[in-house]
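One structure is given below, encoded as structure tokens.
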Amino acid sequence: MGRKFFVGGNWKCNGTTEEVKKIVNKLNEGEVPSQDVVEVVISPPFVFLPLVKDLLRPNFHVAAQNCWVKKGGAFTGEVSAEMLSNLGVPWVILGHSERRQLLGESNEFVGDKVAYALSQGLKVIACVGETLEQREAGSTVDVVSAQTKAIAERVSSWADIVIAYEPVWAIGTGKVATPAQAQEVHSELRKWLSANTSPEVASTTRIIYGGSVTAANCKELAAKPDVDGFLVGGASLKPEFIDIIKSAEVKRSA
Ligand code: PGA
């Protein structure tokens with residue numbers, strides 16, 4: 001299948017300069033599988049991107065947590081895709097549920113951002129996921145399909161997109177999806193991609209899981225065939241993030 005395991009660390013709105021340096025030192029000391037086995041991307045807040053990029057081991061890369069939807073200019077407080085490219089930041093997380101929920105980012109707006117970021121040479125971790133109410137109403141697959149569709153309608157290639165399935169009810173709650181729940185949605189997303197983009201896109205696009213991933217639960221999740229890695233929040237600030245990166249080995253021995 002050839003989908004390289006992918007582990008992203010989403011630091012969200014956390015950290016001081018001192019803390020950032022400490023975390024990066026820990027990451028640099030960690031023993032992890034080679035770059036052929038796992039791709040690791042760390043996403044600090046914007047202001048720490050240059051520092052982290054400079055200090056981080058060369059086999060790990062950085063991501064921004066957001067970027068503006070179009071060319072920069074008179075948009076106070078925003079950071080443009082051009083700026084990220086200019087800084088040599090290769091990745092950006094878009095459509096995180098904290099932005100969809102708290103800041104009202106619509107599916108269309110996220111789709112526009114993904115398309116614009118790609119046009120500027122960035123690679124995108126595109127987040128999708130349902131709320132608890134939506135899951136309980138049985139609309140999980142409809143919700144994540146609509147979120148994915150808004151992206152698919154706006155991009156011509158999926159080569160630089162990783163989909164992060166992050167159920168909203170699992171984010172920062174300690175309530176991780178069961179491996180079976182994650183596998184089910186990942187498999188549905190892959191089916192959706194196959195039917196609506198192409199079988200090739202479906203078989204090559206990485207679909208990673210996010211929501212309360214820890215060193216304790218990552219191996220079981222990683223063992224599922226359609227789970228191609230993780231987007232990790234809280235645990236990415238802790239030494240256990242190294243163990244989560246190591247869960248890539250589960251895939252290799254599978
Ligand atoms: P969490 O966050 O691991 O703290 O649940 C995941 C995310 O929001 O990407």
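Naming scheme: A, B, ... for chains in displayed order of the structure tokens; residues 1 onward per chain; ligands 1 onward as shown.
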
Note to self: Taking only region 17-247 of chain A into account, list the residues labelled strand (DSSP E) by DSSP (computed from the backbone), as an NGL selection string.
What the structure shows: :A and (38-43 or 60-64 or 91-94 or 123-128 or 161-165 or 207-210 or 229-232)

Please identify every polymer residue within 7 Å of ligand 1, using only C-alpha atoms and all ligand atoms, and present the set as a ChimeraX atom specification.
/A:10,166,170-174,210-213,231-235

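Closest approach to Val176 (chain A) among A:Ser198, A:Thr214, A:Gly8, A:Trp158: A:Thr214, based on only C-alpha atoms.
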
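Closest approach to Ser253 (chain A) from the set A:His186, A:Lys219, A:Lys238, A:His61 is made by A:Lys219, with distances taken over only C-alpha atoms.
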
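Residues with any atom within 9 Å of Asn28 (chain A), counting only C-alpha atoms and excluding same-chain neighbours fewer than 5 positions away, are Ile23, Leu55, Leu56, Arg57 and Phe60 of chain A.
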
Take the residues that were just selected and, keeping N, CA, C and O atoms, output them as a PDB file, in the first residue's frame.
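Final output, again_26.pdb:
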ATOM      1  N   ILE A  23      11.071  20.892  25.233  1.00  0.00           N
ATOM      2  CA  ILE A  23      10.351  19.843  24.491  1.00  0.00           C
ATOM      3  C   ILE A  23      11.158  19.434  23.257  1.00  0.00           C
ATOM      4  O   ILE A  23      11.300  18.249  22.952  1.00  0.00           O
ATOM      5  N   LEU A  55      15.852  24.463  15.754  1.00  0.00           N
ATOM      6  CA  LEU A  55      16.406  23.562  16.764  1.00  0.00           C
ATOM      7  C   LEU A  55      16.104  22.095  16.509  1.00  0.00           C
ATOM      8  O   LEU A  55      16.810  21.212  16.979  1.00  0.00           O
ATOM      9  N   LEU A  56      15.031  21.840  15.773  1.00  0.00           N
ATOM     10  CA  LEU A  56      14.522  20.471  15.638  1.00  0.00           C
ATOM     11  C   LEU A  56      15.436  19.592  14.782  1.00  0.00           C
ATOM     12  O   LEU A  56      15.997  20.056  13.786  1.00  0.00           O
ATOM     13  N   ARG A  57      15.552  18.339  15.166  1.00  0.00           N
ATOM     14  CA  ARG A  57      16.328  17.370  14.377  1.00  0.00           C
ATOM     15  C   ARG A  57      15.868  17.408  12.911  1.00  0.00           C
ATOM     16  O   ARG A  57      14.668  17.584  12.645  1.00  0.00           O
ATOM     17  N   PHE A  60      12.675  15.528  11.513  1.00  0.00           N
ATOM     18  CA  PHE A  60      11.321  15.945  11.879  1.00  0.00           C
ATOM     19  C   PHE A  60      11.040  17.283  11.183  1.00  0.00           C
ATOM     20  O   PHE A  60      11.954  18.071  10.991  1.00  0.00           O
TER      21      PHE A  60
END

As a PyMOL selection string, please: the residues near region 79-85 of chain A (cut-off 12 Å, only C-alpha atoms, same-chain neighbours under 5 positions excluded).
chain A and resi 45-47+49-50+53+62-74+90-94+113-124

Put those residues in a file: N, CA, C and O atoms, as a CSV table (one decimal), in the first residue's frame.
chain,number,residue,atom,x,y,z
A,45,PRO,N,2.8,26.8,18.1
A,45,PRO,CA,2.2,28.1,17.7
A,45,PRO,C,3.0,28.9,16.7
A,45,PRO,O,4.3,28.7,16.7
A,46,PHE,N,2.4,29.7,15.9
A,46,PHE,CA,3.1,30.5,14.9
A,46,PHE,C,4.4,31.1,15.4
A,46,PHE,O,5.4,31.0,14.7
A,47,VAL,N,4.3,31.8,16.6
A,47,VAL,CA,5.5,32.6,17.0
A,47,VAL,C,6.7,31.7,17.3
A,47,VAL,O,7.8,32.3,17.3
A,49,LEU,N,7.5,29.0,15.5
A,49,LEU,CA,7.8,28.1,14.3
A,49,LEU,C,9.3,28.3,13.9
A,49,LEU,O,10.0,27.3,13.7
A,50,PRO,N,9.8,29.5,13.8
A,50,PRO,CA,11.3,29.6,13.4
A,50,PRO,C,12.2,29.0,14.4
A,50,PRO,O,13.2,28.3,14.0
A,53,LYS,N,11.8,25.2,14.2
A,53,LYS,CA,12.4,24.7,12.9
A,53,LYS,C,14.0,24.7,13.0
A,53,LYS,O,14.6,23.8,12.5
A,62,VAL,N,8.1,20.8,10.5
A,62,VAL,CA,7.2,21.6,11.3
A,62,VAL,C,5.9,21.9,10.5
A,62,VAL,O,6.0,21.9,9.2
A,63,ALA,N,4.9,22.2,11.2
A,63,ALA,CA,3.6,22.6,10.6
A,63,ALA,C,3.1,23.8,11.3
A,63,ALA,O,3.3,23.9,12.5
A,64,ALA,N,2.4,24.7,10.6
A,64,ALA,CA,1.7,25.8,11.2
A,64,ALA,C,0.3,25.2,11.6
A,64,ALA,O,-0.1,24.1,11.1
A,65,GLN,N,-0.4,25.9,12.5
A,65,GLN,CA,-1.7,25.4,13.0
A,65,GLN,C,-2.9,26.0,12.2
A,65,GLN,O,-4.0,25.6,12.4
A,66,ASN,N,-2.5,26.9,11.3
A,66,ASN,CA,-3.6,27.5,10.5
A,66,ASN,C,-2.9,28.4,9.5
A,66,ASN,O,-1.7,28.7,9.6
A,67,CYS,N,-3.6,28.9,8.5
A,67,CYS,CA,-3.1,30.0,7.7
A,67,CYS,C,-4.3,30.7,7.0
A,67,CYS,O,-5.4,30.2,7.0
A,68,TRP,N,-4.1,31.8,6.5
A,68,TRP,CA,-5.1,32.6,5.9
A,68,TRP,C,-5.6,32.0,4.6
A,68,TRP,O,-4.9,31.2,3.9
A,69,VAL,N,-6.8,32.3,4.2
A,69,VAL,CA,-7.5,31.6,3.2
A,69,VAL,C,-7.1,32.1,1.7
A,69,VAL,O,-7.4,31.4,0.8
A,70,LYS,N,-6.5,33.2,1.7
A,70,LYS,CA,-6.0,33.7,0.4
A,70,LYS,C,-4.8,34.5,0.5
A,70,LYS,O,-4.2,34.5,1.6
A,71,LYS,N,-4.4,35.2,-0.5
A,71,LYS,CA,-3.1,36.0,-0.5
A,71,LYS,C,-3.2,37.0,0.7
A,71,LYS,O,-4.2,37.6,0.9
A,72,GLY,N,-2.0,37.1,1.3
A,72,GLY,CA,-2.0,38.0,2.4
A,72,GLY,C,-2.2,39.5,2.0
A,72,GLY,O,-2.2,39.8,0.8
A,73,GLY,N,-2.3,40.4,2.9
A,73,GLY,CA,-2.5,41.8,2.7
A,73,GLY,C,-3.2,42.4,3.9
A,73,GLY,O,-2.7,42.2,5.0
A,74,ALA,N,-4.2,43.2,3.7
A,74,ALA,CA,-4.9,43.9,4.8
A,74,ALA,C,-5.8,43.0,5.6
A,74,ALA,O,-7.0,43.1,5.5
A,90,PRO,N,7.0,23.6,5.9
A,90,PRO,CA,6.4,22.7,4.8
A,90,PRO,C,4.9,22.3,5.0
A,90,PRO,O,4.3,22.1,4.0
A,91,TRP,N,4.4,22.3,6.2
A,91,TRP,CA,3.1,21.8,6.5
A,91,TRP,C,2.2,22.8,7.2
A,91,TRP,O,2.7,23.7,7.9
A,92,VAL,N,0.9,22.6,7.0
A,92,VAL,CA,-0.1,23.4,7.8
A,92,VAL,C,-1.3,22.5,8.2
A,92,VAL,O,-1.7,21.7,7.3
A,93,ILE,N,-1.7,22.7,9.4
A,93,ILE,CA,-2.9,22.0,9.8
A,93,ILE,C,-4.1,22.9,9.5
A,93,ILE,O,-4.1,24.1,9.8
A,94,LEU,N,-5.1,22.4,8.8
A,94,LEU,CA,-6.3,23.2,8.5
A,94,LEU,C,-7.6,22.5,8.9
A,94,LEU,O,-7.6,21.3,8.9
A,113,LYS,N,-9.3,27.2,2.1
A,113,LYS,CA,-7.9,27.3,2.7
A,113,LYS,C,-7.0,26.2,2.2
A,113,LYS,O,-5.8,26.5,1.9
A,114,VAL,N,-7.5,25.0,2.2
A,114,VAL,CA,-6.7,23.9,1.8
A,114,VAL,C,-6.2,24.1,0.3
A,114,VAL,O,-5.0,24.0,0.0
A,115,ALA,N,-7.1,24.6,-0.5
A,115,ALA,CA,-6.7,24.8,-1.9
A,115,ALA,C,-5.7,25.9,-2.0
A,115,ALA,O,-4.7,25.8,-2.8
A,116,TYR,N,-5.9,26.9,-1.3
A,116,TYR,CA,-4.9,28.0,-1.4
A,116,TYR,C,-3.6,27.6,-0.8
A,116,TYR,O,-2.5,27.9,-1.4
A,117,ALA,N,-3.6,27.0,0.3
A,117,ALA,CA,-2.3,26.5,0.9
A,117,ALA,C,-1.5,25.6,-0.1
A,117,ALA,O,-0.3,25.8,-0.3
A,118,LEU,N,-2.2,24.7,-0.7
A,118,LEU,CA,-1.6,23.8,-1.7
A,118,LEU,C,-1.0,24.6,-2.8
A,118,LEU,O,0.1,24.4,-3.3
A,119,SER,N,-1.8,25.6,-3.3
A,119,SER,CA,-1.3,26.5,-4.4
A,119,SER,C,0.0,27.2,-4.0
A,119,SER,O,0.7,27.6,-4.9
A,120,GLN,N,0.2,27.4,-2.8
A,120,GLN,CA,1.5,28.1,-2.3
A,120,GLN,C,2.6,27.1,-1.9
A,120,GLN,O,3.6,27.4,-1.3
A,121,GLY,N,2.4,25.8,-2.3
A,121,GLY,CA,3.4,24.8,-2.1
A,121,GLY,C,3.4,24.2,-0.7
A,121,GLY,O,4.3,23.5,-0.4
A,122,LEU,N,2.4,24.5,0.1
A,122,LEU,CA,2.4,23.8,1.4
A,122,LEU,C,1.7,22.5,1.3
A,122,LEU,O,0.9,22.2,0.4
A,123,LYS,N,2.0,21.6,2.3
A,123,LYS,CA,1.4,20.3,2.4
A,123,LYS,C,0.4,20.5,3.6
A,123,LYS,O,0.6,21.3,4.5
A,124,VAL,N,-0.7,19.8,3.5
A,124,VAL,CA,-1.9,20.1,4.4
A,124,VAL,C,-2.3,18.9,5.2
A,124,VAL,O,-2.5,17.8,4.7

Got a sec: who's within 7 Å of region 248-251 of chain A, counting only C-alpha atoms, leaving out chain neighbours fewer than 4 positions off, as a count of residues only?
6

In Å and to one decimal, CA of Asn196 (chain A) is distant from CA of Val155 (chain A) by 12.4 Å

Checklist line | DSSP-assigned helix (DSSP H, G or I) members of region 75-179 of chain A, reported as a ChimeraX atom specification | finding: /A:81-87,97-102,107-119,132-136,140-152,168-170,179

For the selection you just gave me, I'd like the residues written to a file as a CSV table (one decimal), in the first residue's frame, keeping N, CA and C atoms.
chain,number,residue,atom,x,y,z
A,81,ALA,N,-0.3,31.9,3.8
A,81,ALA,CA,0.4,30.7,3.3
A,81,ALA,C,1.7,31.1,2.7
A,82,GLU,N,1.8,32.3,2.0
A,82,GLU,CA,3.0,32.8,1.4
A,82,GLU,C,4.1,32.9,2.5
A,83,MET,N,3.7,33.4,3.6
A,83,MET,CA,4.7,33.6,4.7
A,83,MET,C,5.2,32.3,5.2
A,84,LEU,N,4.4,31.3,5.3
A,84,LEU,CA,4.8,30.0,5.8
A,84,LEU,C,5.8,29.4,4.8
A,85,SER,N,5.5,29.6,3.5
A,85,SER,CA,6.4,29.1,2.4
A,85,SER,C,7.7,29.8,2.5
A,86,ASN,N,7.6,31.1,2.7
A,86,ASN,CA,8.8,31.9,2.8
A,86,ASN,C,9.7,31.5,3.9
A,87,LEU,N,9.1,31.1,5.0
A,87,LEU,CA,9.9,30.7,6.2
A,87,LEU,C,10.4,29.2,6.1
A,97,SER,N,-11.0,21.1,14.5
A,97,SER,CA,-12.3,21.3,15.1
A,97,SER,C,-12.4,22.4,16.0
A,98,GLU,N,-11.3,22.7,16.7
A,98,GLU,CA,-11.3,23.9,17.6
A,98,GLU,C,-11.5,25.2,16.8
A,99,ARG,N,-11.1,25.2,15.6
A,99,ARG,CA,-11.4,26.4,14.7
A,99,ARG,C,-12.8,26.3,14.1
A,100,ARG,N,-13.1,25.1,13.7
A,100,ARG,CA,-14.5,24.9,13.1
A,100,ARG,C,-15.5,25.3,14.1
A,101,GLN,N,-15.3,24.8,15.4
A,101,GLN,CA,-16.3,25.0,16.4
A,101,GLN,C,-16.3,26.3,17.0
A,102,LEU,N,-15.1,26.8,17.4
A,102,LEU,CA,-15.1,28.0,18.2
A,102,LEU,C,-15.1,29.3,17.3
A,107,ASN,N,-17.2,24.3,6.2
A,107,ASN,CA,-16.6,23.3,5.3
A,107,ASN,C,-16.0,24.0,4.1
A,108,GLU,N,-16.8,25.0,3.6
A,108,GLU,CA,-16.3,25.7,2.4
A,108,GLU,C,-15.1,26.5,2.6
A,109,PHE,N,-15.1,27.2,3.8
A,109,PHE,CA,-14.0,28.1,4.1
A,109,PHE,C,-12.7,27.2,4.3
A,110,VAL,N,-12.9,26.1,4.9
A,110,VAL,CA,-11.7,25.2,5.1
A,110,VAL,C,-11.3,24.6,3.8
A,111,GLY,N,-12.2,24.3,2.9
A,111,GLY,CA,-11.9,23.8,1.6
A,111,GLY,C,-11.1,24.9,0.8
A,112,ASP,N,-11.5,26.1,0.9
A,112,ASP,CA,-10.8,27.2,0.2
A,112,ASP,C,-9.4,27.4,0.8
A,113,LYS,N,-9.3,27.2,2.1
A,113,LYS,CA,-7.9,27.3,2.7
A,113,LYS,C,-7.0,26.2,2.2
A,114,VAL,N,-7.5,25.0,2.2
A,114,VAL,CA,-6.7,23.9,1.8
A,114,VAL,C,-6.2,24.1,0.3
A,115,ALA,N,-7.1,24.6,-0.5
A,115,ALA,CA,-6.7,24.8,-1.9
A,115,ALA,C,-5.7,25.9,-2.0
A,116,TYR,N,-5.9,26.9,-1.3
A,116,TYR,CA,-4.9,28.0,-1.4
A,116,TYR,C,-3.6,27.6,-0.8
A,117,ALA,N,-3.6,27.0,0.3
A,117,ALA,CA,-2.3,26.5,0.9
A,117,ALA,C,-1.5,25.6,-0.1
A,118,LEU,N,-2.2,24.7,-0.7
A,118,LEU,CA,-1.6,23.8,-1.7
A,118,LEU,C,-1.0,24.6,-2.8
A,119,SER,N,-1.8,25.6,-3.3
A,119,SER,CA,-1.3,26.5,-4.4
A,119,SER,C,0.0,27.2,-4.0
A,132,LEU,N,-20.3,14.9,19.3
A,132,LEU,CA,-21.0,13.8,19.9
A,132,LEU,C,-22.5,13.7,19.5
A,133,GLU,N,-23.1,14.8,19.3
A,133,GLU,CA,-24.5,14.9,18.9
A,133,GLU,C,-24.6,14.2,17.5
A,134,GLN,N,-23.7,14.6,16.7
A,134,GLN,CA,-23.8,14.0,15.3
A,134,GLN,C,-23.6,12.5,15.3
A,135,ARG,N,-22.6,12.1,16.1
A,135,ARG,CA,-22.4,10.6,16.2
A,135,ARG,C,-23.7,9.9,16.8
A,136,GLU,N,-24.2,10.5,17.8
A,136,GLU,CA,-25.4,9.9,18.4
A,136,GLU,C,-26.6,9.9,17.5
A,140,THR,N,-22.3,10.4,11.5
A,140,THR,CA,-20.9,10.6,11.5
A,140,THR,C,-20.3,10.5,10.0
A,141,VAL,N,-20.7,9.5,9.3
A,141,VAL,CA,-20.2,9.4,7.9
A,141,VAL,C,-20.6,10.5,7.0
A,142,ASP,N,-21.9,10.9,7.2
A,142,ASP,CA,-22.3,12.1,6.4
A,142,ASP,C,-21.5,13.3,6.7
A,143,VAL,N,-21.2,13.5,8.0
A,143,VAL,CA,-20.5,14.8,8.4
A,143,VAL,C,-19.1,14.8,7.8
A,144,VAL,N,-18.4,13.7,8.0
A,144,VAL,CA,-17.0,13.7,7.6
A,144,VAL,C,-16.9,13.6,6.0
A,145,SER,N,-17.9,13.0,5.4
A,145,SER,CA,-17.9,13.0,3.9
A,145,SER,C,-18.2,14.4,3.4
A,146,ALA,N,-19.1,15.2,4.1
A,146,ALA,CA,-19.3,16.6,3.6
A,146,ALA,C,-18.1,17.4,3.8
A,147,GLN,N,-17.4,17.2,4.9
A,147,GLN,CA,-16.2,18.0,5.2
A,147,GLN,C,-15.1,17.6,4.1
A,148,THR,N,-15.0,16.4,3.8
A,148,THR,CA,-14.0,15.9,2.8
A,148,THR,C,-14.4,16.4,1.4
A,149,LYS,N,-15.7,16.4,1.1
A,149,LYS,CA,-16.2,16.8,-0.2
A,149,LYS,C,-15.9,18.3,-0.5
A,150,ALA,N,-16.0,19.1,0.6
A,150,ALA,CA,-15.7,20.5,0.4
A,150,ALA,C,-14.2,20.7,0.0
A,151,ILE,N,-13.4,19.8,0.4
A,151,ILE,CA,-12.0,19.9,0.0
A,151,ILE,C,-11.8,19.3,-1.4
A,152,ALA,N,-12.4,18.2,-1.6
A,152,ALA,CA,-12.3,17.5,-2.9
A,152,ALA,C,-12.7,18.4,-4.1
A,168,VAL,N,-14.8,15.1,17.5
A,168,VAL,CA,-14.7,16.2,18.4
A,168,VAL,C,-14.8,15.8,19.9
A,169,TRP,N,-15.6,14.7,20.1
A,169,TRP,CA,-15.9,14.2,21.4
A,169,TRP,C,-14.6,13.5,22.0
A,170,ALA,N,-13.7,13.3,21.2
A,170,ALA,CA,-12.5,12.6,21.7
A,170,ALA,C,-11.3,13.5,21.9
A,179,PRO,N,-10.4,1.4,18.7
A,179,PRO,CA,-9.8,1.1,17.4
A,179,PRO,C,-10.8,0.7,16.4

CA of Thr204 (chain A) sits from CA of Glu130 (chain A) at a separation of 23.4 Å

re CA of Ser156 (chain A) and CA of Leu189 (chain A): distance 17.8 Å

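With only C-alpha atoms as the atoms that count, the residue of A:Asn217, A:Gln181, A:Ser203, A:Ser157 with the shortest distance to Glu240 (chain A) is A:Asn217.
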